[in-house]
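Colleague: Compact mmCIF, C-alpha atoms and all ligand atoms, saved as query21.txt, coming up:
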```txt
# COMPACT_ATOMS: atom_id res chain seq x y z
CA MET A 1 -104.73 43.95 -41.96
CA ALA A 2 -107.06 46.93 -41.79
CA MET A 3 -107.03 46.57 -38.03
CA ALA A 4 -103.24 46.46 -37.84
CA ALA A 5 -103.07 49.51 -40.07
CA GLY A 6 -105.61 51.35 -37.93
CA LEU A 7 -103.65 50.47 -34.82
CA GLY A 8 -100.48 51.78 -36.50
CA VAL A 9 -102.06 55.16 -37.17
CA LEU A 10 -103.56 55.26 -33.68
CA PHE A 11 -100.11 54.51 -32.22
CA LEU A 12 -98.48 57.30 -34.24
CA ALA A 13 -101.30 59.69 -33.35
CA SER A 14 -100.59 59.05 -29.66
CA CYS A 15 -96.95 59.96 -30.20
CA SER A 16 -95.42 63.21 -29.10
CA VAL A 17 -91.93 64.21 -28.11
CA GLU A 18 -93.24 66.25 -25.20
CA ASP A 19 -93.27 65.06 -21.61
CA THR A 20 -92.48 61.49 -22.33
CA THR A 21 -89.63 59.32 -21.18
CA ASN A 22 -90.90 56.47 -23.35
CA SER A 23 -88.65 56.34 -26.42
CA PHE A 24 -91.33 54.32 -28.30
CA GLN A 25 -93.68 57.29 -28.07
CA ARG A 26 -90.96 59.53 -29.46
CA VAL A 27 -90.46 57.04 -32.32
CA GLY A 28 -86.85 56.58 -31.21
CA LEU A 29 -85.95 60.29 -31.17
CA PRO A 30 -83.71 61.44 -28.29
CA GLU A 31 -85.33 63.13 -25.29
CA PRO A 32 -85.82 66.76 -26.36
CA ALA A 33 -83.52 69.15 -24.51
CA SER A 34 -84.36 72.49 -26.14
CA ASP A 35 -87.39 74.62 -26.95
CA ASN A 36 -86.96 73.98 -30.67
CA ALA A 37 -86.72 70.22 -30.23
CA VAL A 38 -90.40 69.87 -29.28
CA ALA A 39 -91.57 71.78 -32.38
CA ILE A 40 -89.23 69.87 -34.72
CA GLY A 41 -90.08 66.50 -33.15
CA ASN A 42 -93.82 67.04 -33.47
CA LEU A 43 -93.42 68.07 -37.14
CA TRP A 44 -91.44 64.87 -37.73
CA ILE A 45 -94.07 62.68 -36.08
CA GLY A 46 -96.87 64.52 -37.92
CA ALA A 47 -95.14 63.82 -41.25
CA TRP A 48 -94.94 60.14 -40.30
CA ILE A 49 -98.67 60.08 -39.50
CA ALA A 50 -99.45 61.57 -42.92
CA ALA A 51 -97.09 59.12 -44.65
CA ALA A 52 -98.57 56.17 -42.74
CA ALA A 53 -102.14 57.19 -43.59
CA VAL A 54 -101.31 57.46 -47.31
CA GLY A 55 -99.32 54.21 -47.22
CA ILE A 56 -102.10 52.30 -45.50
CA LEU A 57 -104.72 53.60 -47.97
CA VAL A 58 -102.55 52.63 -50.97
CA TRP A 59 -101.60 49.19 -49.59
CA GLY A 60 -105.26 48.62 -48.68
CA LEU A 61 -106.46 49.48 -52.18
CA ILE A 62 -103.77 47.27 -53.75
CA GLY A 63 -104.72 44.37 -51.48
CA TRP A 64 -108.43 44.88 -52.15
CA ALA A 65 -107.90 45.01 -55.95
CA VAL A 66 -105.73 41.89 -55.89
CA LEU A 67 -108.32 39.89 -53.96
CA ARG A 68 -111.51 41.33 -55.45
CA TYR A 69 -110.35 41.10 -59.08
CA ARG A 70 -108.17 38.01 -58.91
CA ARG A 71 -108.35 35.79 -62.01
CA ARG A 72 -111.21 33.33 -61.76
CA ALA A 73 -111.60 32.36 -65.41
CA ASN A 74 -109.77 32.89 -68.66
CA LEU A 75 -112.04 35.78 -69.63
CA LEU A 76 -110.47 39.19 -70.07
CA PRO A 77 -112.12 41.62 -67.61
CA ARG A 78 -113.85 44.73 -68.83
CA GLN A 79 -111.24 47.35 -69.78
CA ASN A 80 -111.79 50.88 -68.41
CA ARG A 81 -109.95 54.05 -69.35
CA TYR A 82 -110.31 57.83 -69.05
CA ASN A 83 -112.09 58.08 -65.73
CA LEU A 84 -112.09 61.87 -65.49
CA PRO A 85 -113.41 62.28 -61.90
CA LEU A 86 -110.82 59.77 -60.68
CA GLU A 87 -108.02 61.57 -62.52
CA ILE A 88 -109.06 64.94 -61.10
CA MET A 89 -109.21 63.37 -57.63
CA TYR A 90 -105.71 61.93 -57.76
CA THR A 91 -104.35 65.23 -59.07
CA ILE A 92 -105.98 67.32 -56.35
CA VAL A 93 -105.43 65.04 -53.34
CA PRO A 94 -101.58 65.13 -53.53
CA PHE A 95 -101.78 68.95 -53.67
CA ILE A 96 -103.86 68.94 -50.48
CA ILE A 97 -101.37 66.59 -48.80
CA ILE A 98 -98.33 68.64 -49.90
CA GLY A 99 -100.10 71.90 -48.96
CA THR A 100 -100.81 70.62 -45.45
CA LEU A 101 -97.23 69.40 -44.95
CA PHE A 102 -95.96 72.72 -46.35
CA TYR A 103 -98.10 74.72 -43.94
CA PHE A 104 -96.89 72.86 -40.83
CA THR A 105 -93.28 72.96 -42.10
CA VAL A 106 -93.39 76.75 -42.54
CA VAL A 107 -95.00 77.28 -39.12
CA THR A 108 -92.32 75.10 -37.45
CA GLN A 109 -89.51 76.66 -39.48
CA ASN A 110 -90.58 80.18 -38.51
CA LYS A 111 -90.58 79.19 -34.85
CA VAL A 112 -87.19 77.45 -35.05
CA LEU A 113 -85.52 80.29 -36.99
CA GLU A 114 -86.97 83.03 -34.77
CA LYS A 115 -84.18 85.26 -33.45
CA GLN A 116 -84.45 87.29 -30.28
CA PRO A 117 -82.73 90.66 -30.67
CA ASP A 118 -80.90 90.40 -27.36
CA PRO A 119 -79.95 86.78 -26.50
CA ASP A 120 -78.60 86.05 -22.99
CA VAL A 121 -75.47 84.27 -24.19
CA LYS A 122 -73.45 84.67 -27.39
CA ILE A 123 -70.96 82.03 -28.45
CA ASN A 124 -68.83 82.20 -31.58
CA VAL A 125 -68.40 78.61 -32.70
CA ILE A 126 -65.62 77.70 -35.11
CA GLY A 127 -65.84 74.36 -36.84
CA GLN A 128 -62.40 73.64 -38.24
CA LYS A 129 -60.69 70.56 -39.65
CA TRP A 130 -61.26 68.55 -37.37
CA SER A 131 -62.49 69.91 -34.09
CA TRP A 132 -64.30 72.83 -32.48
CA THR A 133 -63.43 76.15 -30.92
CA PHE A 134 -65.93 77.87 -28.64
CA ASN A 135 -65.55 81.60 -28.00
CA TYR A 136 -67.78 82.80 -25.18
CA LYS A 137 -68.56 86.49 -25.73
CA SER A 138 -68.76 87.17 -22.02
CA ALA A 139 -67.10 90.58 -21.70
CA ASP A 140 -70.38 92.13 -20.54
CA ASN A 141 -71.11 89.26 -18.13
CA PRO A 142 -70.41 90.88 -14.71
CA ALA A 143 -69.42 87.51 -13.25
CA VAL A 144 -66.66 87.03 -15.84
CA GLY A 145 -65.81 90.35 -17.49
CA GLU A 146 -63.77 88.90 -20.34
CA ASP A 147 -64.23 86.93 -23.54
CA VAL A 148 -62.97 83.39 -23.02
CA TRP A 149 -62.50 80.37 -25.23
CA ASN A 150 -62.05 76.63 -25.23
CA ALA A 151 -60.88 74.49 -28.12
CA GLY A 152 -60.45 70.85 -29.00
CA THR A 153 -58.17 68.87 -31.28
CA VAL A 154 -58.71 65.57 -33.07
CA ASN A 155 -57.34 63.85 -29.96
CA GLN A 156 -59.14 65.96 -27.40
CA THR A 157 -62.93 66.30 -27.46
CA PRO A 158 -63.83 69.85 -26.39
CA ASP A 159 -66.58 70.81 -23.94
CA LEU A 160 -69.32 73.34 -24.59
CA TYR A 161 -71.08 74.81 -21.54
CA LEU A 162 -74.57 76.34 -21.78
CA PRO A 163 -76.76 77.83 -19.04
CA VAL A 164 -80.17 76.14 -18.75
CA GLY A 165 -83.24 78.23 -19.63
CA LYS A 166 -81.21 81.03 -21.24
CA ARG A 167 -81.43 82.15 -24.85
CA VAL A 168 -78.18 81.12 -26.54
CA GLU A 169 -76.96 82.46 -29.87
CA PHE A 170 -74.37 80.48 -31.84
CA ASN A 171 -72.43 82.31 -34.50
CA LEU A 172 -71.11 79.55 -36.74
CA HIS A 173 -67.85 80.15 -38.59
CA SER A 174 -65.61 77.90 -40.67
CA PRO A 175 -62.08 78.77 -41.81
CA ASP A 176 -61.79 75.77 -44.16
CA VAL A 177 -64.57 73.46 -45.43
CA ILE A 178 -68.29 72.97 -44.81
CA HIS A 179 -69.06 71.52 -41.39
CA SER A 180 -72.41 71.16 -39.63
CA PHE A 181 -73.19 72.02 -36.02
CA TRP A 182 -75.46 69.41 -34.49
CA ILE A 183 -76.60 68.63 -30.96
CA PRO A 184 -78.96 65.67 -31.51
CA ALA A 185 -80.90 66.26 -28.26
CA PHE A 186 -81.67 69.80 -29.50
CA TYR A 187 -82.83 68.28 -32.87
CA ASP A 188 -81.75 71.52 -34.55
CA LYS A 189 -78.77 71.47 -36.93
CA LEU A 190 -77.11 74.15 -39.04
CA ASP A 191 -74.34 74.02 -41.65
CA ILE A 192 -71.16 76.01 -41.16
CA VAL A 193 -70.17 77.39 -44.53
CA PRO A 194 -66.82 79.12 -45.20
CA GLY A 195 -67.36 82.78 -46.03
CA ARG A 196 -70.85 82.88 -44.61
CA ASP A 197 -71.50 82.93 -40.86
CA ASN A 198 -74.77 81.24 -39.97
CA VAL A 199 -76.62 82.12 -36.78
CA MET A 200 -78.63 79.71 -34.62
CA GLN A 201 -80.58 80.56 -31.48
CA VAL A 202 -81.86 78.01 -29.01
CA THR A 203 -82.91 77.75 -25.37
CA PRO A 204 -81.63 74.60 -23.60
CA THR A 205 -84.43 73.32 -21.37
CA LYS A 206 -82.83 70.38 -19.58
CA GLU A 207 -79.67 70.09 -17.50
CA GLY A 208 -77.32 67.26 -18.40
CA VAL A 209 -74.51 66.22 -20.69
CA PHE A 210 -75.38 65.77 -24.36
CA ALA A 211 -73.46 64.67 -27.42
CA GLY A 212 -72.48 67.17 -30.12
CA LYS A 213 -71.29 66.26 -33.60
CA CYS A 214 -70.27 67.54 -36.98
CA ALA A 215 -73.03 66.35 -39.31
CA GLU A 216 -71.27 67.05 -42.61
CA LEU A 217 -68.68 64.61 -43.96
CA CYS A 218 -65.85 67.14 -43.95
CA GLY A 219 -62.63 65.18 -44.37
CA THR A 220 -60.24 62.57 -42.99
CA TYR A 221 -60.97 63.04 -39.28
CA HIS A 222 -64.62 64.04 -39.60
CA SER A 223 -65.45 61.25 -37.15
CA ALA A 224 -63.30 62.99 -34.52
CA MET A 225 -65.40 66.17 -34.72
CA LEU A 226 -67.28 65.51 -31.52
CA PHE A 227 -67.98 67.75 -28.55
CA ASN A 228 -69.69 67.39 -25.18
CA VAL A 229 -72.51 69.78 -24.35
CA HIS A 230 -72.94 70.49 -20.64
CA VAL A 231 -76.23 72.22 -19.89
CA VAL A 232 -75.80 73.57 -16.35
CA SER A 233 -77.16 76.15 -13.93
CA GLU A 234 -76.14 79.77 -14.43
CA ALA A 235 -73.80 79.62 -11.40
CA GLU A 236 -72.01 76.55 -12.77
CA TYR A 237 -71.83 78.18 -16.19
CA ASN A 238 -70.17 81.30 -14.78
CA ALA A 239 -67.81 79.16 -12.68
CA TYR A 240 -66.75 77.33 -15.86
CA LEU A 241 -66.07 80.62 -17.70
CA LYS A 242 -64.02 81.82 -14.73
CA SER A 243 -61.99 78.59 -14.84
CA LEU A 244 -61.11 79.47 -18.47
CA VAL A 245 -59.99 82.93 -17.33
CA ALA A 246 -57.80 81.23 -14.69
CA LYS A 247 -56.21 79.07 -17.43
CA GLY A 248 -55.41 82.19 -19.42
CA GLN A 249 -57.82 81.30 -22.22
CA THR A 250 -59.04 84.85 -22.69
CA GLY A 251 -59.76 86.82 -25.84
CA GLU A 252 -60.90 85.20 -29.05
CA VAL A 253 -59.23 82.49 -31.13
CA LYS A 254 -60.07 81.42 -34.66
CA GLY A 255 -59.33 77.72 -34.74
CA SER A 256 -57.45 74.93 -32.97
CA VAL A 257 -54.05 75.72 -34.52
CA ASP A 258 -54.48 79.28 -33.35
CA ALA A 259 -55.64 77.95 -29.98
CA GLN A 260 -52.48 75.83 -29.63
CA ALA A 261 -50.33 78.87 -30.27
CA HIS A 262 -52.27 80.88 -27.66
CA GLY A 263 -53.04 78.44 -24.94
CA PRO A 264 -50.77 76.53 -22.61
CA ALA A 265 -53.78 74.33 -21.76
CA ILE A 266 -53.97 72.82 -25.22
CA GLN A 267 -51.42 70.17 -26.03
CA ARG A 268 -49.72 70.11 -29.41
CA GLU A 269 -51.04 66.80 -30.52
CA GLU A 270 -52.88 67.41 -33.76
CA ARG A 271 -52.40 64.57 -36.19
CA ARG A 272 -50.60 65.25 -39.46
CU CU A 301 -66.69 68.73 -39.79
```
What is this structure when it is put down as structure tokens?
Modeller:
Amino acid sequence: MAMAAGLGVLFLASCSVEDTTNSFQRVGLPEPASDNAVAIGNLWIGAWIAAAAVGILVWGLIGWAVLRYRRRANLLPRQNRYNLPLEIMYTIVPFIIIGTLFYFTVVTQNKVLEKQPDPDVKINVIGQKWSWTFNYKSADNPAVGEDVWNAGTVNQTPDLYLPVGKRVEFNLHSPDVIHSFWIPAFYDKLDIVPGRDNVMQVTPTKEGVFAGKCAELCGTYHSAMLFNVHVVSEAEYNAYLKSLVAKGQTGEVKGSVDAQAHGPAIQREERR
């Protein structure tokens, strides 16, 4: 048992979310696709290593006590109480464990929440019952020259385009209830609270198509609150924004109902 436990800790210690295509080594986490994902993933694995080490020690001591002090005769064993050094030890050790976890959590949190004063791309995201609206603040992008938008409905999953390797700022706004903006491959997630716009910054590091979801049970069609994240080259990103200009989806809209009123591209098919 001790050997299996030791192997377990060794396995976890060899885990990292960086530079691995082996999902076992990432403990089942998705392949990280943003700068924050690596920091969050390694904090997660580190917490598992700490939990496994404590668990193995406790299970080991329980197993040892059960075997070593199993009943051999009908005699009552010697009764001990008030072991002061032991009591001090098991008061201090949890503080050390919590302090260590706290330290690494704060370091990771500071990195993840770090905001650059001048991000490359700004997108106003609206999470509304029950889809997403993406407003690309691209008026000062010389390749586009206008703010453009794209929106989904419960029947139409919207697309979100991001340029790879660029600092992206999401301004998260909700006109109705609490939603949560989550791209699992980025690991990072932030609630969208009515009356309070939250800001998230991230740098996508890998091209590809990733799933996006609402991570807050927000109502009847919560399960329809999906979006597709396309991380593409800058040229493809600009070409996409220009295609929105060509469709007439310029300016800024505040939600899918608004988007339907504005945009010929969006069909009126929202469920009642
Ligand atoms: Cu939602």
Colleague: Check the smallest atom-to-atom distance from each of A:Trp130, A:Trp182, A:Tyr161, A:Phe227 to ligand CU 301 (chain A) using all atoms listed in the file, then report the winner.
Modeller: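 Closest to ligand CU 301 (chain A) of all the choices is A:Trp130.
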Colleague: Quote the spacing between CA of Asp191 (chain A) and CA of Cys218 (chain A) in Å to one decimal place.
Modeller: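 One can read the CA of Asp191 (chain A) to CA of Cys218 (chain A) distance as 11.2 Å.
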Colleague: Taking only residues of chain A that have an atom at most 10 Å from an atom of ligand CU 301 (chain A), what is each one's shortest atom pair and its distance in Å to one decimal, using all atoms listed in the file, in chain and number order, as a tab-separated table?
Modeller:
```
residue	atom	partner	partner_atom	distance
A:Gly127	CA	A:CU301	CU	6.4
A:Gln128	CA	A:CU301	CU	6.7
A:Lys129	CA	A:CU301	CU	6.3
A:Trp130	CA	A:CU301	CU	5.9
A:Ser131	CA	A:CU301	CU	7.2
A:Trp132	CA	A:CU301	CU	8.7
A:Ser174	CA	A:CU301	CU	9.3
A:Asp176	CA	A:CU301	CU	9.6
A:Val177	CA	A:CU301	CU	7.7
A:Ile178	CA	A:CU301	CU	6.8
A:His179	CA	A:CU301	CU	4.0
A:Ser180	CA	A:CU301	CU	6.2
A:Phe181	CA	A:CU301	CU	8.2
A:Asp191	CA	A:CU301	CU	9.5
A:Ile192	CA	A:CU301	CU	8.7
A:Lys213	CA	A:CU301	CU	8.1
A:Cys214	CA	A:CU301	CU	4.7
A:Ala215	CA	A:CU301	CU	6.8
A:Glu216	CA	A:CU301	CU	5.6
A:Leu217	CA	A:CU301	CU	6.2
A:Cys218	CA	A:CU301	CU	4.5
A:Gly219	CA	A:CU301	CU	7.1
A:Thr220	CA	A:CU301	CU	9.5
A:Tyr221	CA	A:CU301	CU	8.1
A:His222	CA	A:CU301	CU	5.1
A:Ser223	CA	A:CU301	CU	8.0
A:Ala224	CA	A:CU301	CU	8.5
A:Met225	CA	A:CU301	CU	5.8
A:Leu226	CA	A:CU301	CU	8.9
```
Colleague: Taking all atoms listed in the file into account, name the residue in A:Ile88, A:Val27, A:Val164, A:Met200 that is nearest to His230 (chain A).
Modeller: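 Using all atoms listed in the file, His230 (chain A) sits closest to A:Val164.
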Colleague: From the options A:Gly55, A:Pro158, A:Gly41, A:Pro163, which residue's atoms come nearest to Ala239 (chain A), counting all atoms listed in the file?
Modeller: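 Checking each of A:Gly55, A:Pro158, A:Gly41, A:Pro163 against Ala239 (chain A), counting all atoms listed in the file, the winner is A:Pro163.
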Colleague: Here is a test: counting all atoms listed in the file, which residue of A:Glu87, A:Asp120, A:Glu114, A:Glu146 is nearest to Gly251 (chain A)?
Modeller: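 Of A:Glu87, A:Asp120, A:Glu114, A:Glu146, the one nearest Gly251 (chain A), counting all atoms listed in the file, is A:Glu146.
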Colleague: Counting all atoms listed in the file, which of A:Pro204, A:Pro119, A:Gly255, A:Pro94 gets nearest to His173 (chain A)?
Modeller: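 Of A:Pro204, A:Pro119, A:Gly255, A:Pro94, the one nearest His173 (chain A), counting all atoms listed in the file, is A:Gly255.
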Colleague: Which residue out of A:Leu172, A:Val107, A:Leu75, A:Ile123 has the minimum interatomic distance to Leu160 (chain A) when only C-alpha atoms are used?
Modeller: A:Ile123
Colleague: Mind pulling up the distance from CA of Ala50 (chain A) to CA of Thr105 (chain A)?
Modeller: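 These atoms are spaced 13.0 Å apart.
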Colleague: For region 61-95 of chain A, write N, CA and C atoms out as a PDB file, in the first residue's frame.
Modeller:
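The file below, decode.pdb, is the result:
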```pdb
ATOM      1  N   LEU A  61      -1.642   6.056   8.489  1.00  0.00           N
ATOM      2  CA  LEU A  61      -1.691   6.007   9.955  1.00  0.00           C
ATOM      3  C   LEU A  61      -2.898   5.204  10.436  1.00  0.00           C
ATOM      4  N   ILE A  62      -4.043   5.363   9.736  1.00  0.00           N
ATOM      5  CA  ILE A  62      -5.236   4.588  10.122  1.00  0.00           C
ATOM      6  C   ILE A  62      -4.955   3.099   9.947  1.00  0.00           C
ATOM      7  N   GLY A  63      -4.393   2.747   8.782  1.00  0.00           N
ATOM      8  CA  GLY A  63      -4.087   1.341   8.494  1.00  0.00           C
ATOM      9  C   GLY A  63      -3.104   0.776   9.507  1.00  0.00           C
ATOM     10  N   TRP A  64      -2.067   1.566   9.813  1.00  0.00           N
ATOM     11  CA  TRP A  64      -1.049   1.111  10.770  1.00  0.00           C
ATOM     12  C   TRP A  64      -1.677   0.894  12.157  1.00  0.00           C
ATOM     13  N   ALA A  65      -2.530   1.845  12.612  1.00  0.00           N
ATOM     14  CA  ALA A  65      -3.146   1.726  13.930  1.00  0.00           C
ATOM     15  C   ALA A  65      -4.073   0.509  13.986  1.00  0.00           C
ATOM     16  N   VAL A  66      -4.806   0.280  12.895  1.00  0.00           N
ATOM     17  CA  VAL A  66      -5.740  -0.847  12.866  1.00  0.00           C
ATOM     18  C   VAL A  66      -4.982  -2.169  13.001  1.00  0.00           C
ATOM     19  N   LEU A  67      -3.860  -2.271  12.272  1.00  0.00           N
ATOM     20  CA  LEU A  67      -3.113  -3.533  12.286  1.00  0.00           C
ATOM     21  C   LEU A  67      -2.296  -3.684  13.574  1.00  0.00           C
ATOM     22  N   ARG A  68      -1.585  -2.607  13.938  1.00  0.00           N
ATOM     23  CA  ARG A  68      -0.662  -2.670  15.075  1.00  0.00           C
ATOM     24  C   ARG A  68      -1.416  -2.881  16.387  1.00  0.00           C
ATOM     25  N   TYR A  69      -2.588  -2.241  16.521  1.00  0.00           N
ATOM     26  CA  TYR A  69      -3.320  -2.296  17.784  1.00  0.00           C
ATOM     27  C   TYR A  69      -4.620  -3.085  17.666  1.00  0.00           C
ATOM     28  N   ARG A  70      -4.641  -4.044  16.754  1.00  0.00           N
ATOM     29  CA  ARG A  70      -5.859  -4.848  16.630  1.00  0.00           C
ATOM     30  C   ARG A  70      -6.049  -5.658  17.914  1.00  0.00           C
ATOM     31  N   ARG A  71      -7.318  -6.063  18.170  1.00  0.00           N
ATOM     32  CA  ARG A  71      -7.590  -6.742  19.450  1.00  0.00           C
ATOM     33  C   ARG A  71      -7.015  -8.148  19.435  1.00  0.00           C
ATOM     34  N   ARG A  72      -6.167  -8.424  20.421  1.00  0.00           N
ATOM     35  CA  ARG A  72      -5.572  -9.762  20.498  1.00  0.00           C
ATOM     36  C   ARG A  72      -6.108 -10.520  21.700  1.00  0.00           C
ATOM     37  N   ALA A  73      -6.536  -9.781  22.729  1.00  0.00           N
ATOM     38  CA  ALA A  73      -7.073 -10.433  23.923  1.00  0.00           C
ATOM     39  C   ALA A  73      -8.211  -9.575  24.443  1.00  0.00           C
ATOM     40  N   ASN A  74      -8.843  -9.970  25.488  1.00  0.00           N
ATOM     41  CA  ASN A  74      -9.960  -9.208  26.007  1.00  0.00           C
ATOM     42  C   ASN A  74      -9.550  -8.098  26.960  1.00  0.00           C
ATOM     43  N   LEU A  75      -8.230  -7.837  27.019  1.00  0.00           N
ATOM     44  CA  LEU A  75      -7.740  -6.791  27.918  1.00  0.00           C
ATOM     45  C   LEU A  75      -7.969  -5.428  27.284  1.00  0.00           C
ATOM     46  N   LEU A  76      -8.349  -4.469  28.122  1.00  0.00           N
ATOM     47  CA  LEU A  76      -8.496  -3.097  27.636  1.00  0.00           C
ATOM     48  C   LEU A  76      -7.107  -2.487  27.494  1.00  0.00           C
ATOM     49  N   PRO A  77      -6.759  -1.918  26.331  1.00  0.00           N
ATOM     50  CA  PRO A  77      -5.409  -1.330  26.202  1.00  0.00           C
ATOM     51  C   PRO A  77      -5.253  -0.111  27.106  1.00  0.00           C
ATOM     52  N   ARG A  78      -4.005   0.276  27.283  1.00  0.00           N
ATOM     53  CA  ARG A  78      -3.718   1.445  28.104  1.00  0.00           C
ATOM     54  C   ARG A  78      -4.381   2.675  27.497  1.00  0.00           C
ATOM     55  N   GLN A  79      -5.074   3.475  28.309  1.00  0.00           N
ATOM     56  CA  GLN A  79      -5.786   4.645  27.798  1.00  0.00           C
ATOM     57  C   GLN A  79      -4.931   5.897  27.955  1.00  0.00           C
ATOM     58  N   ASN A  80      -4.670   6.581  26.816  1.00  0.00           N
ATOM     59  CA  ASN A  80      -3.875   7.819  26.855  1.00  0.00           C
ATOM     60  C   ASN A  80      -4.770   9.021  26.597  1.00  0.00           C
ATOM     61  N   ARG A  81      -4.440  10.129  27.209  1.00  0.00           N
ATOM     62  CA  ARG A  81      -5.135  11.381  26.893  1.00  0.00           C
ATOM     63  C   ARG A  81      -4.198  12.546  27.153  1.00  0.00           C
ATOM     64  N   TYR A  82      -4.569  13.724  26.627  1.00  0.00           N
ATOM     65  CA  TYR A  82      -3.804  14.951  26.823  1.00  0.00           C
ATOM     66  C   TYR A  82      -2.345  14.796  26.411  1.00  0.00           C
ATOM     67  N   ASN A  83      -2.129  14.503  25.143  1.00  0.00           N
ATOM     68  CA  ASN A  83      -0.745  14.493  24.666  1.00  0.00           C
ATOM     69  C   ASN A  83      -0.462  15.860  24.049  1.00  0.00           C
ATOM     70  N   LEU A  84       0.115  16.744  24.888  1.00  0.00           N
ATOM     71  CA  LEU A  84       0.251  18.149  24.483  1.00  0.00           C
ATOM     72  C   LEU A  84       1.087  18.340  23.211  1.00  0.00           C
ATOM     73  N   PRO A  85       2.285  17.721  23.112  1.00  0.00           N
ATOM     74  CA  PRO A  85       3.072  17.913  21.877  1.00  0.00           C
ATOM     75  C   PRO A  85       2.285  17.510  20.626  1.00  0.00           C
ATOM     76  N   LEU A  86       1.550  16.383  20.743  1.00  0.00           N
ATOM     77  CA  LEU A  86       0.767  15.908  19.598  1.00  0.00           C
ATOM     78  C   LEU A  86      -0.322  16.924  19.232  1.00  0.00           C
ATOM     79  N   GLU A  87      -0.967  17.477  20.259  1.00  0.00           N
ATOM     80  CA  GLU A  87      -2.047  18.438  19.996  1.00  0.00           C
ATOM     81  C   GLU A  87      -1.508  19.711  19.358  1.00  0.00           C
ATOM     82  N   ILE A  88      -0.345  20.165  19.821  1.00  0.00           N
ATOM     83  CA  ILE A  88       0.275  21.356  19.222  1.00  0.00           C
ATOM     84  C   ILE A  88       0.620  21.057  17.762  1.00  0.00           C
ATOM     85  N   MET A  89       1.170  19.837  17.535  1.00  0.00           N
ATOM     86  CA  MET A  89       1.561  19.452  16.179  1.00  0.00           C
ATOM     87  C   MET A  89       0.352  19.486  15.241  1.00  0.00           C
ATOM     88  N   TYR A  90      -0.767  18.862  15.655  1.00  0.00           N
ATOM     89  CA  TYR A  90      -1.872  18.816  14.705  1.00  0.00           C
ATOM     90  C   TYR A  90      -2.685  20.115  14.654  1.00  0.00           C
ATOM     91  N   THR A  91      -2.295  21.095  15.473  1.00  0.00           N
ATOM     92  CA  THR A  91      -2.851  22.442  15.289  1.00  0.00           C
ATOM     93  C   THR A  91      -1.984  23.238  14.304  1.00  0.00           C
ATOM     94  N   ILE A  92      -0.664  23.053  14.436  1.00  0.00           N
ATOM     95  CA  ILE A  92       0.250  23.859  13.618  1.00  0.00           C
ATOM     96  C   ILE A  92       0.324  23.350  12.168  1.00  0.00           C
ATOM     97  N   VAL A  93       0.374  22.015  12.014  1.00  0.00           N
ATOM     98  CA  VAL A  93       0.564  21.465  10.667  1.00  0.00           C
ATOM     99  C   VAL A  93      -0.519  21.928   9.680  1.00  0.00           C
ATOM    100  N   PRO A  94      -1.828  21.900  10.055  1.00  0.00           N
ATOM    101  CA  PRO A  94      -2.839  22.400   9.097  1.00  0.00           C
ATOM    102  C   PRO A  94      -2.608  23.866   8.716  1.00  0.00           C
ATOM    103  N   PHE A  95      -2.114  24.679   9.684  1.00  0.00           N
ATOM    104  CA  PHE A  95      -1.825  26.084   9.355  1.00  0.00           C
ATOM    105  C   PHE A  95      -0.731  26.177   8.294  1.00  0.00           C
TER     106      PHE A  95
END
```
